[in-house]
Amino acid sequence: MINQFMIIDLKSFYASVECVDRGLDPMTALLAVADKERSKGTICLAITPAMKALGIKNRCRIYEIPKHLDYIVAPPRMKRYVDISADIYGIYLSYVAKEDIHVYSIDESFLDVTNYLGMYSLSAHDLALRIMGDIRDKLGLRATCGIGTNLYLAKVALDILAKHSPDFIAELDEESFKQKLWTHRPLTDFWRIGPGTQRRLNSLGMYTQGDIAIFPEKLLYKNFGVLAEYLIDHAWGREPCTMQEIKNYRSRSKSLSCGQVLMRDYNFDEALIIVKEMADELSLDMVAAHVVSSNLSLYVGYSAETFPSTGASTNLQVTTNSYRILMDAYTKLYLRSTLRNVPIRRVGISANSVLDECFEQYSFFVDPEIMEKDRKITQSVNEIKARYGKNAILKGMDLLDAGNAIERNAQIGGHKAGSII
């Protein structure tokens with residue numbers, strides 16, 4: 001039996017949802033999803049296909065859109081998009097078991113349909129048409145689909161070929177991949193090849209997948225190490241990873257992190273408040289996940305491009321999730337590593353190599369009773385926030401002008417959750 005995978009992507013998902021909710025045709029309306037309240041330099045989360053047809057880039061900034069253009073700017077409504085994504089997943093479940101679905105992103109999902117085609121007496125192409133038709137009939141959204149004999153070929157068919165197909169479906173197997181895409185440029189159109197990898201390949205005289213396929217393997221391994229295995233397999237259209245392996249995968253190393261891009265330039269003292277708010281948020285997340293850490297890191301990015309980002313890490317004397325210890329550690333990291341007279345625009349923190357709470361360790365310098373008390377307080381805070389909302393309990397620093405925890409608590413994925421139109 002030949003394996004058949006498909007990946008379905010919703011065209012301009014956020015923008016299409018906004019169009020449907022306004023009674024507009026997602027394919028012809030001029031609409032961009034962006035938060036104008038941030039600044040003119042804010043990035044559009046999505047634009048409609050009609051705007052793309054005018055040569056406007058999908059991830060453009062507001063000021064890059066021609067001023068003469070009459071278009072709608074829709075503020076992000078992340079909760080709405082999550083709800084619609086769940087509805088789409090429900091449609092997939094009406095055709096395929098959850099064990100054969102991998103949600104790749106909010107608007108893309110892989111489906112292993114190998115064992116379903118005989119049951120439905122349909123080809124993979126016809127099954128894709130039926131699923132895409134259901135999405136359009138029930139939700140008003142257009143979809144594109146890539147079909148392949150492995151996961152990689154399905155993704156490449158989607159990314160490169162499907163948008164040019166009359167029915168927005170493209171299919172590939174290893175032979176058709178070589179025929180259609182061995183001479184395709186640029187290499188960055190292919191899954192897992194970024195600009196840096198492309199530059200390195202170009203410097204060695206490789207500009208297409210066909211070039212990679214015939215390049216001496218020993219030289220590829222010498223220049224790319226383990227990455228060479230992926231490059232070689234993908235150049236021939238091979239991908240051994242299966243849906244079951246994706247489902248069974250568990251990362252050996254785990255971390256918890258949070259970060260944000262600030263809406264204006266913050267000075268040194270203001271950004272310290274942000275770091276403290278994030279340390280508090282990280283502690284809440286760690287207690288909720290029942291994990292602890294002894295290694296913390298901090299990243300700070302500056303508004304002035306002439307100054308590179310700074311960062312630091314530290315090893316704690318204890319393995320913990322205590323907000324008291326985390327707050328103190330991140331404050332010290334910030335004070336010792338951050339430039340004092342340069343405007344700050346980005347901040348990120350992380351707890352690295354997290355372990356289960358049962359591995360918590362104490363030291364002679366920290367009272368274990370205090371750590372246990374901190375955890376119980378944090379557990380209670382999490383319970384109250386889960387029941388009454390994240391802003392049900394606030395710290396005094398959250399009410400300062402520089403604080404933004406209250407606003408962030410109402411967001412999803414760093415963007416406004418939104419309300420019904």
# chains A, B, ... in the order shown; residues from 1 in each chain; ligands from 1

call {"tool": "select_by_dssp", "arguments": {"residues": "range 9-141 of chain A", "states": "strand (DSSP E or B)", "output": "PyMOL selection string"}}
result
chain A and resi 9-10+31-33+43+46-47+61+72-74+101-105+108-112

call {"tool": "closest_residue", "arguments": {"among": "A:Asp269, A:Glu239, A:Glu99, A:Asp401", "to": "Gly148 in chain A", "atoms": "only C-alpha atoms"}}
result
A:Glu239

call {"tool": "atom_distance", "arguments": {"atom1": "CA of Ala304 in chain A", "atom2": "CA of Ile344 in chain A"}}
result
8.2 Å

call {"tool": "select_by_dssp", "arguments": {"residues": "range 52-227 of chain A", "states": "helix (DSSP H, G or I)", "output": "ChimeraX atom specification"}}
result
/A:52-53,62-64,78-93,98-100,117-120,124-139,151-164,174-181,187-189,195-203,209-214,217-224,227

call {"tool": "residues_around", "arguments": {"residues": "range 287-299 of chain A", "least_positions_apart": "3", "cutoff": "9 Å", "atoms": "only C-alpha atoms", "output": "JSON, numbers by chain"}}
result
{"A": [255, 259, 275, 282, 283, 284, 309, 310, 311, 312, 313, 314, 315, 316, 317, 318, 319, 320, 321, 322, 326, 329, 330, 333, 334, 337, 338, 346, 347, 348, 349, 350, 351, 352, 353, 354, 355, 356, 357, 358, 359, 360, 361, 375, 378, 379, 382]}

call {"tool": "atom_distance", "arguments": {"atom1": "CA of Leu158 in chain A", "atom2": "CA of Val17 in chain A"}}
result
20.6 Å
